[in-house]
Amino acid sequence: MGPARRGYPSAVDGPHTSFRLRVVPGAARAGIVGRHGDAWKVRVTAPPEAGRANEAVLDLLAHTLGVPRRDLAVTAGLASRDKTVVLDGLDDDAVAERLSAAVRGAR
C-alpha cells in the first residue's frame with residue numbers, strides 16, 4: 001500500500017490480506033450478499049461510471065469491516081464486476097468472519 005502514512009505503520013508491519021469480490025452496481029440496496037464461488041458478492045447503489053461503484057464498494061467494506069477507508073484499495077478489476085481488494089490491518093480469517101457476520105445480520 002505504499003510508505004507509512006502520518007505515523008501509521010506500513011502494510012509490511014502488520015496483517016494484510018487480499019480477497020475477491022463480485023460487484024453488482026446500481027442495486028436497490030447496498031450490502032454484502034454472501035459467497036459467489038471463491039469471491040464475496042456485494043451490492044452497491046452507485047452506478048458503474050466514473051469510478052463511483054468502486055468508491056462505494058470501498059466505503060461499504062470499510063464500514064462493514066470496521067477499518068479506515070485508507071486501508072483498502074482495489075488492485076484489480078477497476079472496470080469489471082470481478083475485483084480484487086487489498087486490506088491492511090486484518091488477516092484472512094478476520095475478514096471472512098466479519099463479512100459472514102454482515103451476511104447473517106442482513107437476513
# chains A, B, ... in the order shown; residues from 1 in each chain; ligands from 1
>>> residues_around(residues="Val57 in chain A", least_positions_apart="5", cutoff="8 Å", atoms="only C-alpha atoms", output="NGL selection string")
:A and (23 or 42-44)
>>> write_last_selection(atoms="N, CA and C atoms", output="compact mmCIF listing (two decimals), in the first residue's frame")
# COMPACT_ATOMS: atom_id res chain seq x y z
N VAL A 23 -19.15 -7.68 -7.83
CA VAL A 23 -19.88 -6.46 -7.51
C VAL A 23 -21.11 -6.31 -8.41
N VAL A 42 -21.11 -8.48 -3.45
CA VAL A 42 -21.56 -7.25 -2.79
C VAL A 42 -22.41 -6.44 -3.76
N ARG A 43 -23.34 -5.70 -3.18
CA ARG A 43 -24.19 -4.80 -3.96
C ARG A 43 -23.93 -3.37 -3.52
N VAL A 44 -23.90 -2.47 -4.49
CA VAL A 44 -23.78 -1.05 -4.19
C VAL A 44 -24.82 -0.30 -5.02
>>> residues_around(residues="Ala79 in chain A", least_positions_apart="6", cutoff="10 Å", atoms="only C-alpha atoms", output="list of chain:residue names")
A:Pro48, A:Glu49, A:Ala50, A:Gly51, A:Ala53, A:Asn54
>>> atom_distance(atom1="CA of Ala94 in chain A", atom2="CA of Glu55 in chain A")
22.2 Å
>>> atom_distance(atom1="CA of Arg20 in chain A", atom2="CA of Ala102 in chain A")
16.4 Å
>>> select_by_dssp(residues="range 30-85 of chain A", states="strand (DSSP E)", output="JSON, numbers by chain")
{"A": [31, 32, 33, 34, 35, 36, 39, 40, 41, 42, 43, 72, 73, 74, 75, 76, 82, 83, 84, 85]}
>>> atom_distance(atom1="CA of Pro15 in chain A", atom2="CA of Gly89 in chain A")
5.1 Å
>>> residues_around(residues="Asp93 in chain A", least_positions_apart="5", cutoff="12 Å", atoms="only C-alpha atoms", output="list in words")
Pro15, His16, Thr17, Ser18, Phe19, Leu65, Arg98, Leu99 and Ser100 of chain A
>>> residues_around(residues="Gly31 in chain A", least_positions_apart="3", cutoff="12 Å", atoms="only C-alpha atoms", output="mmCIF file with C-alpha atoms, in the first residue's frame")
data_model
loop_
_atom_site.group_PDB
_atom_site.id
_atom_site.type_symbol
_atom_site.label_atom_id
_atom_site.label_comp_id
_atom_site.auth_asym_id
_atom_site.auth_seq_id
_atom_site.Cartn_x
_atom_site.Cartn_y
_atom_site.Cartn_z
ATOM 1 C CA VAL A 23 -19.883 -6.460 -7.507
ATOM 2 C CA VAL A 24 -23.463 -5.625 -8.509
ATOM 3 C CA PRO A 25 -23.554 -1.868 -9.179
ATOM 4 C CA GLY A 26 -26.784 0.127 -9.371
ATOM 5 C CA ALA A 27 -28.581 -2.123 -6.886
ATOM 6 C CA ALA A 28 -31.658 -1.019 -4.946
ATOM 7 C CA GLY A 34 -22.668 -13.764 0.540
ATOM 8 C CA TRP A 40 -17.730 -12.288 -1.932
ATOM 9 C CA LYS A 41 -20.770 -10.856 -3.677
ATOM 10 C CA VAL A 42 -21.558 -7.252 -2.791
ATOM 11 C CA ARG A 43 -24.194 -4.801 -3.962
ATOM 12 C CA VAL A 44 -23.780 -1.045 -4.189
ATOM 13 C CA THR A 45 -26.316 1.582 -5.217
ATOM 14 C CA ALA A 46 -23.763 3.650 -7.140
ATOM 15 C CA ALA A 56 -18.973 2.808 -2.992
ATOM 16 C CA VAL A 57 -17.519 -0.697 -2.670
ATOM 17 C CA LEU A 58 -14.583 0.573 -0.627
ATOM 18 C CA ASP A 59 -16.871 2.691 1.572
ATOM 19 C CA LEU A 60 -19.149 -0.314 2.170
ATOM 20 C CA LEU A 61 -16.209 -2.575 3.015
ATOM 21 C CA ALA A 62 -14.651 -0.017 5.380
ATOM 22 C CA HIS A 63 -17.931 0.324 7.247
ATOM 23 C CA THR A 64 -18.658 -3.424 7.304
ATOM 24 C CA LEU A 65 -15.139 -4.454 8.322
ATOM 25 C CA LEU A 99 -18.172 -10.431 6.098
ATOM 26 C CA SER A 100 -20.019 -13.599 7.171
ATOM 27 C CA ALA A 101 -21.446 -11.747 10.175
ATOM 28 C CA ALA A 102 -22.663 -8.972 7.852
ATOM 29 C CA VAL A 103 -24.436 -11.547 5.675
ATOM 30 C CA ARG A 104 -26.089 -13.180 8.706
ATOM 31 C CA GLY A 105 -27.135 -9.769 10.043
ATOM 32 C CA ALA A 106 -28.788 -8.853 6.748
ATOM 33 C CA ARG A 107 -31.133 -11.839 6.774
#
>>> closest_residue(among="A:Glu97, A:Asp91, A:Val67, A:Lys83", to="Asp38 in chain A", atoms="only C-alpha atoms")
A:Lys83
>>> select_by_dssp(residues="range 8-73 of chain A", states="alpha helix (DSSP H)", output="list in words")
Arg52, Ala53, Asn54, Glu55, Ala56, Val57, Leu58, Asp59, Leu60, Leu61, Ala62, His63, Thr64 and Leu65 of chain A
>>> residues_around(residues="range 68-77 of chain A", least_positions_apart="4", cutoff="6 Å", atoms="only C-alpha atoms", output="list in words")
Ala62, Asp82, Lys83, Thr84, Val85, Val86, Leu87 and Asp88 of chain A
>>> write_last_selection(atoms="N, CA and C atoms", output="compact mmCIF listing (two decimals), in the first residue's frame")
# COMPACT_ATOMS: atom_id res chain seq x y z
N ALA A 62 -15.22 -0.69 4.20
CA ALA A 62 -14.65 -0.02 5.38
C ALA A 62 -15.65 -0.03 6.53
N ASP A 82 -15.80 -8.19 -11.39
CA ASP A 82 -14.90 -9.03 -10.59
C ASP A 82 -13.68 -8.21 -10.20
N LYS A 83 -13.49 -8.03 -8.91
CA LYS A 83 -12.43 -7.16 -8.40
C LYS A 83 -11.58 -7.89 -7.36
N THR A 84 -10.37 -7.41 -7.19
CA THR A 84 -9.52 -7.85 -6.10
C THR A 84 -9.26 -6.64 -5.22
N VAL A 85 -9.46 -6.82 -3.92
CA VAL A 85 -9.27 -5.75 -2.94
C VAL A 85 -8.16 -6.17 -1.99
N VAL A 86 -7.29 -5.23 -1.65
CA VAL A 86 -6.25 -5.45 -0.66
C VAL A 86 -6.60 -4.63 0.58
N LEU A 87 -6.42 -5.24 1.74
CA LEU A 87 -6.75 -4.61 3.01
C LEU A 87 -5.58 -4.73 3.97
N ASP A 88 -5.17 -3.62 4.53
CA ASP A 88 -4.16 -3.60 5.59
C ASP A 88 -4.87 -3.61 6.93
>>> closest_residue(among="A:Arg52, A:Ala30, A:Gly37, A:Gly14", to="Leu78 in chain A", atoms="only C-alpha atoms")
A:Arg52
